[in-house]
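Dropping structure-v4.json in here (JSON, C-alpha atoms):
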[["chain", "number", "residue", "atom", "x", "y", "z"],
["A", 891, "MET", "CA", 2.39, -25.15, -63.82],
["A", 892, "ASN", "CA", 1.45, -23.67, -60.50],
["A", 893, "ASP", "CA", -0.60, -20.50, -59.96],
["A", 894, "ARG", "CA", 2.48, -18.32, -59.44],
["A", 895, "MET", "CA", 3.90, -19.42, -62.79],
["A", 896, "ARG", "CA", 0.55, -18.75, -64.48],
["A", 897, "ALA", "CA", 0.61, -15.24, -63.04],
["A", 898, "LEU", "CA", 4.19, -14.74, -64.23],
["A", 899, "VAL", "CA", 3.54, -16.10, -67.72],
["A", 900, "GLY", "CA", 0.23, -14.35, -68.29],
["A", 901, "ALA", "CA", -2.39, -15.49, -70.76],
["A", 902, "GLU", "CA", -0.05, -17.59, -72.88],
["A", 903, "LEU", "CA", 3.52, -18.85, -72.94],
["A", 904, "PRO", "CA", 6.02, -16.74, -74.84],
["A", 905, "THR", "CA", 7.26, -17.63, -78.28],
["A", 906, "ILE", "CA", 10.64, -19.28, -77.93],
["A", 907, "ARG", "CA", 13.43, -19.95, -80.37],
["A", 908, "PRO", "CA", 16.67, -21.91, -80.06],
["A", 909, "ASP", "CA", 18.63, -18.66, -80.22],
["A", 910, "ASP", "CA", 17.01, -17.60, -76.92],
["A", 911, "VAL", "CA", 19.44, -20.03, -75.23],
["A", 912, "PRO", "CA", 22.74, -18.44, -74.11],
["A", 913, "PRO", "CA", 25.79, -20.02, -75.85],
["A", 914, "ALA", "CA", 27.15, -21.69, -72.69],
["A", 915, "TYR", "CA", 23.83, -23.45, -72.11],
["A", 916, "LEU", "CA", 23.59, -24.37, -75.78],
["A", 917, "GLY", "CA", 26.96, -26.09, -75.32],
["A", 918, "ILE", "CA", 25.47, -28.14, -72.47],
["A", 919, "VAL", "CA", 22.59, -29.21, -74.70],
["A", 920, "GLU", "CA", 24.87, -30.09, -77.60],
["A", 921, "GLU", "CA", 26.96, -32.47, -75.45],
["A", 922, "GLY", "CA", 23.79, -34.49, -74.94],
["A", 923, "TRP", "CA", 22.73, -37.01, -72.33],
["A", 924, "ILE", "CA", 24.25, -40.09, -70.77],
["A", 925, "VAL", "CA", 22.71, -42.89, -68.77],
["A", 926, "ALA", "CA", 25.21, -43.49, -65.96],
["A", 927, "ALA", "CA", 26.06, -46.90, -64.54],
["A", 928, "ASN", "CA", 23.56, -46.32, -61.71],
["A", 929, "GLY", "CA", 20.78, -45.69, -64.28],
["A", 930, "SER", "CA", 20.59, -41.93, -63.77],
["A", 931, "HIS", "CA", 19.90, -39.71, -66.77],
["A", 932, "LEU", "CA", 22.41, -36.87, -66.78],
["A", 933, "LEU", "CA", 23.43, -34.07, -69.08],
["A", 934, "SER", "CA", 26.95, -35.11, -70.02],
["A", 935, "ALA", "CA", 28.49, -31.64, -69.67],
["A", 936, "LEU", "CA", 27.09, -31.25, -66.17],
["A", 937, "GLU", "CA", 27.95, -34.77, -65.02],
["A", 938, "ASN", "CA", 31.60, -34.24, -65.97],
["A", 939, "GLY", "CA", 32.01, -31.43, -63.43],
["A", 940, "TYR", "CA", 29.89, -32.89, -60.64],
["A", 941, "SER", "CA", 31.72, -34.08, -57.53],
["A", 942, "GLY", "CA", 28.88, -35.50, -55.40],
["A", 943, "SER", "CA", 27.57, -39.06, -55.33],
["A", 944, "VAL", "CA", 24.17, -40.69, -55.56],
["A", 945, "GLY", "CA", 24.53, -41.92, -51.95],
["A", 946, "GLU", "CA", 24.15, -38.33, -50.71],
["A", 947, "PHE", "CA", 20.53, -38.20, -51.90],
["A", 948, "PRO", "CA", 17.33, -39.92, -50.80],
["A", 949, "ASP", "CA", 16.86, -41.39, -54.30],
["A", 950, "ILE", "CA", 18.12, -41.34, -57.86],
["A", 951, "VAL", "CA", 15.56, -38.73, -58.94],
["A", 952, "HIS", "CA", 16.94, -36.13, -56.53],
["A", 953, "PHE", "CA", 20.49, -37.02, -57.57],
["A", 954, "GLU", "CA", 19.55, -36.36, -61.21],
["A", 955, "ALA", "CA", 17.93, -33.04, -60.29],
["A", 956, "SER", "CA", 21.04, -31.96, -58.40],
["A", 957, "VAL", "CA", 23.49, -32.85, -61.17],
["A", 958, "ASN", "CA", 21.28, -31.46, -63.96],
["A", 959, "GLY", "CA", 20.21, -28.24, -62.21],
["A", 960, "ARG", "CA", 21.58, -24.80, -63.01],
["A", 961, "ALA", "CA", 20.58, -21.21, -62.41],
["A", 962, "MET", "CA", 19.83, -19.48, -65.69],
["A", 963, "MET", "CA", 22.34, -16.86, -66.79],
["A", 964, "ASP", "CA", 20.96, -13.39, -66.13],
["A", 965, "TYR", "CA", 23.90, -11.00, -65.59],
["A", 966, "ASP", "CA", 23.29, -9.39, -68.98],
["A", 967, "LEU", "CA", 19.61, -8.68, -68.27],
["A", 968, "PRO", "CA", 18.09, -5.60, -66.66],
["A", 969, "ALA", "CA", 18.01, -5.80, -62.85],
["A", 970, "ALA", "CA", 14.21, -5.70, -62.77],
["A", 971, "GLY", "CA", 11.12, -5.18, -64.86],
["A", 972, "PRO", "CA", 9.08, -6.89, -67.55],
["A", 973, "ASP", "CA", 11.99, -7.19, -70.00],
["A", 974, "ARG", "CA", 14.02, -9.17, -67.44],
["A", 975, "GLN", "CA", 11.04, -11.40, -66.69],
["A", 976, "SER", "CA", 10.22, -12.03, -70.34],
["A", 977, "ARG", "CA", 13.79, -12.73, -71.47],
["A", 978, "LEU", "CA", 14.55, -14.92, -68.45],
["A", 979, "LEU", "CA", 11.42, -16.96, -69.10],
["A", 980, "ARG", "CA", 12.24, -17.37, -72.80],
["A", 981, "ARG", "CA", 15.83, -18.40, -72.01],
["A", 982, "SER", "CA", 14.82, -20.91, -69.37],
["A", 983, "LEU", "CA", 12.03, -22.44, -71.41],
["A", 984, "ALA", "CA", 14.12, -22.63, -74.60],
["A", 985, "TYR", "CA", 17.02, -24.28, -72.75],
["A", 986, "ALA", "CA", 14.68, -26.81, -71.12],
["A", 987, "CYS", "CA", 12.97, -27.59, -74.42],
["A", 988, "LEU", "CA", 16.18, -28.05, -76.40],
["A", 989, "ALA", "CA", 17.64, -30.29, -73.69],
["A", 990, "LEU", "CA", 14.48, -32.41, -73.53],
["A", 991, "GLN", "CA", 14.50, -32.82, -77.30],
["A", 992, "ARG", "CA", 17.97, -34.38, -76.99],
["A", 993, "VAL", "CA", 16.88, -37.06, -74.51],
["A", 994, "PRO", "CA", 17.64, -40.38, -76.25],
["A", 995, "GLU", "CA", 14.66, -42.19, -77.76],
["A", 996, "GLY", "CA", 13.54, -45.28, -75.91],
["A", 997, "SER", "CA", 14.49, -43.98, -72.48],
["A", 998, "GLU", "CA", 13.13, -46.38, -69.87],
["A", 999, "HIS", "CA", 11.90, -43.51, -67.68],
["A", 1000, "PRO", "CA", 10.48, -40.20, -68.89],
["A", 1001, "VAL", "CA", 12.77, -37.21, -68.34],
["A", 1002, "LEU", "CA", 11.02, -34.04, -67.21],
["A", 1003, "GLY", "CA", 12.22, -30.46, -67.05],
["A", 1004, "TYR", "CA", 11.48, -28.09, -64.17],
["A", 1005, "ILE", "CA", 11.69, -24.33, -64.46],
["A", 1006, "SER", "CA", 11.36, -22.26, -61.31],
["A", 1007, "PHE", "CA", 11.34, -18.53, -60.69],
["A", 1008, "SER", "CA", 11.88, -16.94, -57.31],
["A", 1009, "GLU", "CA", 13.22, -13.79, -55.74],
["A", 1010, "GLY", "CA", 16.94, -13.82, -55.07],
["A", 1011, "GLY", "CA", 19.91, -11.53, -54.80],
["A", 1012, "LEU", "CA", 21.25, -9.75, -51.73],
["A", 1013, "ALA", "CA", 17.90, -8.19, -50.88],
["A", 1014, "ASP", "CA", 15.68, -10.99, -52.24],
["A", 1015, "ASP", "CA", 14.35, -8.54, -54.81],
["A", 1016, "THR", "CA", 15.79, -9.93, -58.05],
["A", 1017, "LEU", "CA", 13.82, -12.37, -60.16],
["A", 1018, "THR", "CA", 15.99, -15.46, -60.73],
["A", 1019, "SER", "CA", 15.43, -18.70, -62.59],
["A", 1020, "HIS", "CA", 16.57, -22.29, -62.11],
["A", 1021, "VAL", "CA", 16.22, -25.17, -64.58],
["A", 1022, "THR", "CA", 16.71, -28.85, -63.83],
["A", 1023, "PHE", "CA", 15.88, -32.26, -65.24],
["A", 1024, "CYS", "CA", 15.12, -35.64, -63.72],
["A", 1025, "THR", "CA", 13.23, -38.82, -64.44],
["A", 1026, "ARG", "CA", 9.88, -40.01, -63.19],
["A", 1027, "ARG", "CA", 10.18, -43.57, -61.88],
["A", 1028, "PRO", "CA", 7.68, -46.06, -60.51],
["A", 1029, "GLY", "CA", 8.01, -46.51, -56.77],
["A", 1030, "VAL", "CA", 10.06, -43.32, -56.32],
["A", 1031, "LEU", "CA", 8.49, -40.10, -55.12],
["A", 1032, "PRO", "CA", 8.49, -37.57, -57.96],
["A", 1033, "TYR", "CA", 10.79, -34.57, -57.76],
["A", 1034, "VAL", "CA", 7.65, -32.39, -57.63],
["A", 1035, "ASP", "CA", 4.60, -34.19, -56.29],
["A", 1036, "ARG", "CA", 1.84, -31.56, -56.03],
["A", 1037, "ILE", "CA", 2.96, -28.55, -58.03],
["A", 1038, "GLN", "CA", 0.31, -26.26, -56.50],
["A", 1039, "ASP", "CA", 1.87, -26.79, -53.06],
["A", 1040, "TYR", "CA", 4.86, -24.71, -54.14],
["A", 1041, "ALA", "CA", 3.58, -21.31, -53.07],
["A", 1042, "GLU", "CA", 6.91, -19.46, -52.67],
["A", 1043, "GLU", "CA", 8.08, -19.89, -56.25],
["A", 1044, "ALA", "CA", 6.69, -20.00, -59.76],
["A", 1045, "LEU", "CA", 7.11, -23.56, -61.02],
["A", 1046, "MET", "CA", 6.55, -25.35, -64.32],
["A", 1047, "GLU", "CA", 7.03, -29.00, -65.28],
["A", 1048, "ILE", "CA", 7.51, -29.86, -68.95],
["A", 1049, "SER", "CA", 7.88, -33.11, -70.86],
["A", 1050, "LYS", "CA", 9.58, -33.95, -74.13],
["A", 1051, "ASP", "CA", 6.18, -33.71, -75.86],
["A", 1052, "ASP", "CA", 5.66, -30.22, -74.37],
["A", 1053, "ALA", "CA", 9.09, -29.19, -75.65],
["A", 1054, "VAL", "CA", 8.14, -30.04, -79.22],
["A", 1055, "LYS", "CA", 5.01, -27.88, -78.95],
["A", 1056, "PHE", "CA", 6.81, -24.92, -77.36],
["A", 1057, "LEU", "CA", 9.49, -24.90, -80.07],
["A", 1058, "GLY", "CA", 6.94, -25.08, -82.86],
["A", 1059, "GLY", "CA", 8.44, -28.07, -84.61],
["A", 1060, "TYR", "CA", 12.12, -27.08, -84.36],
["A", 1061, "THR", "CA", 14.01, -30.35, -84.02],
["A", 1062, "GLY", "CA", 17.58, -29.05, -83.66]]
What is this file in C-alpha coordinates?
Amino acid sequence: MNDRMRALVGAELPTIRPDDVPPAYLGIVEEGWIVAANGSHLLSALENGYSGSVGEFPDIVHFEASVNGRAMMDYDLPAAGPDRQSRLLRRSLAYACLALQRVPEGSEHPVLGYISFSEGGLADDTLTSHVTFCTRRPGVLPYVDRIQDYAEEALMEISKDDAVKFLGGYTG
(Lines of atoms letter the chains of each structure in order from A and count residues from 1; the text may use other names and numbers.)
(Lines give C-alpha, C1' and ligand atoms only; values in the text may rest on other atoms or scores of the structure.)
Protein backbone atom coordinates (compact mmCIF):
# COMPACT_ATOMS: atom_id res chain seq x y z
CA MET A 1 0.00 0.00 0.00
CA ASN A 2 1.17 3.53 -0.57
CA ASP A 3 1.81 6.14 2.13
CA ARG A 4 -1.60 7.79 1.67
CA MET A 5 -3.35 4.46 2.26
CA ARG A 6 -1.21 3.83 5.35
CA ALA A 7 -2.28 7.22 6.69
CA LEU A 8 -5.92 6.44 5.93
CA VAL A 9 -5.82 2.97 7.48
CA GLY A 10 -3.83 3.89 10.57
CA ALA A 11 -1.80 1.45 12.61
CA GLU A 12 -3.59 -1.67 11.38
CA LEU A 13 -6.18 -2.76 8.85
CA PRO A 14 -9.76 -2.95 10.07
CA THR A 15 -11.46 -6.19 10.94
CA ILE A 16 -13.61 -7.22 8.01
CA ARG A 17 -16.46 -9.66 7.65
CA PRO A 18 -18.38 -10.91 4.63
CA ASP A 19 -21.45 -9.00 5.80
CA ASP A 20 -19.52 -5.74 5.30
CA VAL A 21 -20.15 -6.22 1.56
CA PRO A 22 -23.33 -4.52 0.26
CA PRO A 23 -25.83 -7.05 -1.21
CA ALA A 24 -25.41 -5.86 -4.83
CA TYR A 25 -21.65 -6.39 -4.63
CA LEU A 26 -22.13 -9.73 -2.92
CA GLY A 27 -24.21 -10.73 -5.95
CA ILE A 28 -21.26 -9.84 -8.20
CA VAL A 29 -18.97 -12.05 -6.12
CA GLU A 30 -21.43 -14.94 -6.09
CA GLU A 31 -21.64 -15.02 -9.91
CA GLY A 32 -17.92 -15.77 -9.92
CA TRP A 33 -15.23 -15.41 -12.54
CA ILE A 34 -14.83 -16.36 -16.17
CA VAL A 35 -11.79 -16.61 -18.36
CA ALA A 36 -12.89 -15.05 -21.65
CA ALA A 37 -11.83 -16.28 -25.08
CA ASN A 38 -9.08 -13.62 -25.15
CA GLY A 39 -7.67 -14.97 -21.84
CA SER A 40 -8.90 -12.10 -19.68
CA HIS A 41 -10.07 -12.85 -16.14
CA LEU A 42 -13.41 -11.13 -15.59
CA LEU A 43 -16.10 -11.07 -12.95
CA SER A 44 -18.99 -12.68 -14.81
CA ALA A 45 -21.64 -10.23 -13.58
CA LEU A 46 -19.58 -7.26 -14.72
CA GLU A 47 -18.55 -8.77 -18.05
CA ASN A 48 -22.20 -9.35 -18.97
CA GLY A 49 -22.97 -5.62 -18.90
CA TYR A 50 -19.73 -4.35 -20.43
CA SER A 51 -19.94 -2.91 -23.95
CA GLY A 52 -16.28 -2.08 -24.70
CA SER A 53 -13.68 -4.29 -26.34
CA VAL A 54 -10.13 -5.33 -25.55
CA GLY A 55 -8.90 -3.46 -28.65
CA GLU A 56 -9.68 -0.14 -26.93
CA PHE A 57 -6.94 -0.73 -24.35
CA PRO A 58 -3.15 -0.85 -24.50
CA ASP A 59 -3.15 -4.41 -23.12
CA ILE A 60 -5.29 -7.13 -21.59
CA VAL A 61 -4.45 -6.07 -18.02
CA HIS A 62 -6.01 -2.63 -18.50
CA PHE A 63 -9.02 -4.21 -20.21
CA GLU A 64 -9.53 -6.45 -17.15
CA ALA A 65 -9.22 -3.48 -14.80
CA SER A 66 -11.81 -1.54 -16.78
CA VAL A 67 -14.36 -4.34 -16.91
CA ASN A 68 -13.83 -5.39 -13.28
CA GLY A 69 -13.71 -1.90 -11.75
CA ARG A 70 -16.53 -0.31 -9.78
CA ALA A 71 -16.95 2.56 -7.37
CA MET A 72 -17.95 1.29 -3.96
CA MET A 73 -21.52 2.03 -2.89
CA ASP A 74 -21.55 4.90 -0.41
CA TYR A 75 -24.91 6.70 -0.67
CA ASP A 76 -26.03 5.25 2.67
CA LEU A 77 -22.92 6.47 4.52
CA PRO A 78 -22.40 9.80 6.26
CA ALA A 79 -21.15 12.54 3.91
CA ALA A 80 -17.87 12.89 5.81
CA GLY A 81 -16.01 11.85 8.92
CA PRO A 82 -14.33 8.83 10.45
CA ASP A 83 -17.43 6.62 10.27
CA ARG A 84 -17.64 7.11 6.49
CA GLN A 85 -13.94 6.38 6.11
CA SER A 86 -14.02 3.28 8.29
CA ARG A 87 -17.15 1.75 6.75
CA LEU A 88 -16.04 2.54 3.19
CA LEU A 89 -12.68 0.89 3.84
CA ARG A 90 -14.29 -2.20 5.37
CA ARG A 91 -16.76 -2.51 2.47
CA SER A 92 -14.10 -2.11 -0.19
CA LEU A 93 -11.65 -4.49 1.44
CA ALA A 94 -14.29 -7.13 2.19
CA TYR A 95 -15.60 -7.01 -1.40
CA ALA A 96 -12.08 -7.31 -2.81
CA CYS A 97 -11.23 -10.19 -0.49
CA LEU A 98 -14.39 -12.17 -1.20
CA ALA A 99 -13.96 -11.71 -4.95
CA LEU A 100 -10.31 -12.78 -4.82
CA GLN A 101 -11.24 -15.89 -2.85
CA ARG A 102 -13.53 -16.89 -5.74
CA VAL A 103 -10.77 -16.73 -8.37
CA PRO A 104 -10.58 -20.27 -9.80
CA GLU A 105 -7.70 -22.41 -8.58
CA GLY A 106 -4.93 -22.98 -11.08
CA SER A 107 -5.30 -19.62 -12.76
CA GLU A 108 -2.38 -19.15 -15.16
CA HIS A 109 -1.85 -15.55 -14.04
CA PRO A 110 -2.32 -14.19 -10.52
CA VAL A 111 -5.37 -11.95 -10.09
CA LEU A 112 -4.82 -8.91 -7.89
CA GLY A 113 -7.28 -6.51 -6.32
CA TYR A 114 -6.77 -2.74 -6.17
CA ILE A 115 -8.57 -0.49 -3.72
CA SER A 116 -8.22 3.25 -4.12
CA PHE A 117 -9.55 6.17 -2.11
CA SER A 118 -9.69 9.72 -3.38
CA GLU A 119 -11.68 12.90 -2.99
CA GLY A 120 -14.70 13.15 -5.26
CA GLY A 121 -18.13 14.68 -5.44
CA LEU A 122 -19.13 18.07 -6.81
CA ALA A 123 -16.62 19.94 -4.66
CA ASP A 124 -13.95 17.22 -4.52
CA ASP A 125 -14.54 16.98 -0.79
CA THR A 126 -16.16 13.55 -0.45
CA LEU A 127 -14.06 10.47 0.23
CA THR A 128 -14.84 7.88 -2.46
CA SER A 129 -13.57 4.39 -3.12
CA HIS A 130 -12.96 2.32 -6.24
CA VAL A 131 -12.19 -1.41 -6.42
CA THR A 132 -10.90 -3.30 -9.43
CA PHE A 133 -9.19 -6.55 -10.34
CA CYS A 134 -6.71 -7.59 -13.01
CA THR A 135 -3.99 -10.11 -13.66
CA ARG A 136 -0.24 -9.75 -13.49
CA ARG A 137 1.33 -11.13 -16.67
CA PRO A 138 4.91 -11.59 -17.81
CA GLY A 139 5.89 -9.10 -20.49
CA VAL A 140 2.94 -6.78 -19.76
CA LEU A 141 3.33 -3.67 -17.65
CA PRO A 142 1.48 -4.14 -14.36
CA TYR A 143 -1.68 -2.15 -13.73
CA VAL A 144 0.19 -0.43 -10.87
CA ASP A 145 3.95 -0.43 -11.29
CA ARG A 146 5.34 1.66 -8.41
CA ILE A 147 2.57 2.08 -5.88
CA GLN A 148 4.37 4.89 -4.02
CA ASP A 149 4.23 7.04 -7.18
CA TYR A 150 0.48 7.41 -6.70
CA ALA A 151 0.50 10.53 -4.55
CA GLU A 152 -3.01 11.84 -5.28
CA GLU A 153 -4.89 8.81 -4.00
CA ALA A 154 -4.65 6.19 -1.29
CA LEU A 155 -3.93 2.87 -3.00
CA MET A 156 -3.67 -0.76 -1.90
CA GLU A 157 -2.86 -3.91 -3.87
CA ILE A 158 -3.99 -7.25 -2.47
CA SER A 159 -3.53 -10.84 -3.57
CA LYS A 160 -5.61 -13.95 -3.00
CA ASP A 161 -3.26 -14.89 -0.13
CA ASP A 162 -3.80 -11.44 1.45
CA ALA A 163 -7.57 -11.94 1.15
CA VAL A 164 -7.43 -15.11 3.22
CA LYS A 165 -5.52 -13.30 5.97
CA PHE A 166 -7.83 -10.27 6.00
CA LEU A 167 -10.94 -12.45 6.30
CA GLY A 168 -9.46 -14.51 9.11
CA GLY A 169 -10.05 -17.88 7.51
CA TYR A 170 -13.56 -17.26 6.16
CA THR A 171 -13.76 -19.28 2.96
CA GLY A 172 -17.29 -18.37 1.80
Selection near segment 1036-1052 of chain A, 9 Å with all atoms listed in the file, sequence-local residues under 4 positions removed, as an NGL selection string: :A and (891-898 or 986-987 or 989-993 or 1000-1009 or 1056-1057)
One-decimal distance in Å that lies between atom CA of Ala1053 of chain A and atom CA of Val925 of chain A: 20.5 Å
Option closest in space to Phe1023 of chain A, from A:Gly942, A:Pro968, A:Gly1058, A:Gly959 [counting all atoms listed in the file]: A:Gly959
Nearest residue to Ala914 of chain A from the set A:Gly1010, A:Arg974, A:Ala935, A:Val951 (distances using only C-alpha atoms): A:Ala935
Atom CA of Gly917 of chain A to atom CA of Thr1022 of chain A, straight-line distance in Å: 15.6 Å
Atom pair atom CA of Tyr985 of chain A / atom CA of Thr905 of chain A: separation (Å): 13.0 Å
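Of the listed residues (A:His931, A:His952, A:His1020, A:Arg1026), A:His1020 comes nearest to Leu983 of chain A; the distances count only C-alpha atoms.
Remark: for Leu967 of chain A, the closest of the candidate residues A:Val1030, A:Gly945, A:Pro912, A:Val1054 is A:Pro912 (distances computed over all atoms listed in the file).
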Padding of 3 Å on every side, edges along x, y and z, all listed atoms of segment 903-916 of chain A included: what centre and edge lengths in Å, to one decimal, does that box have, as lines of an AutoDock Vina configuration file?
center_x = 15.3
center_y = -20.6
center_z = -76.2
size_x = 29.6
size_y = 13.6
size_z = 14.3
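Distances to Pro994 of chain A were evaluated for A:Arg907, A:Pro913, A:Ala901, A:Leu933 using all atoms listed in the file, and the minimum falls at A:Leu933.
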Counting all atoms listed in the file, the residue of A:Ile950, A:Leu932, A:Leu988, A:Val1034 that sits nearest Glu920 of chain A: A:Leu988
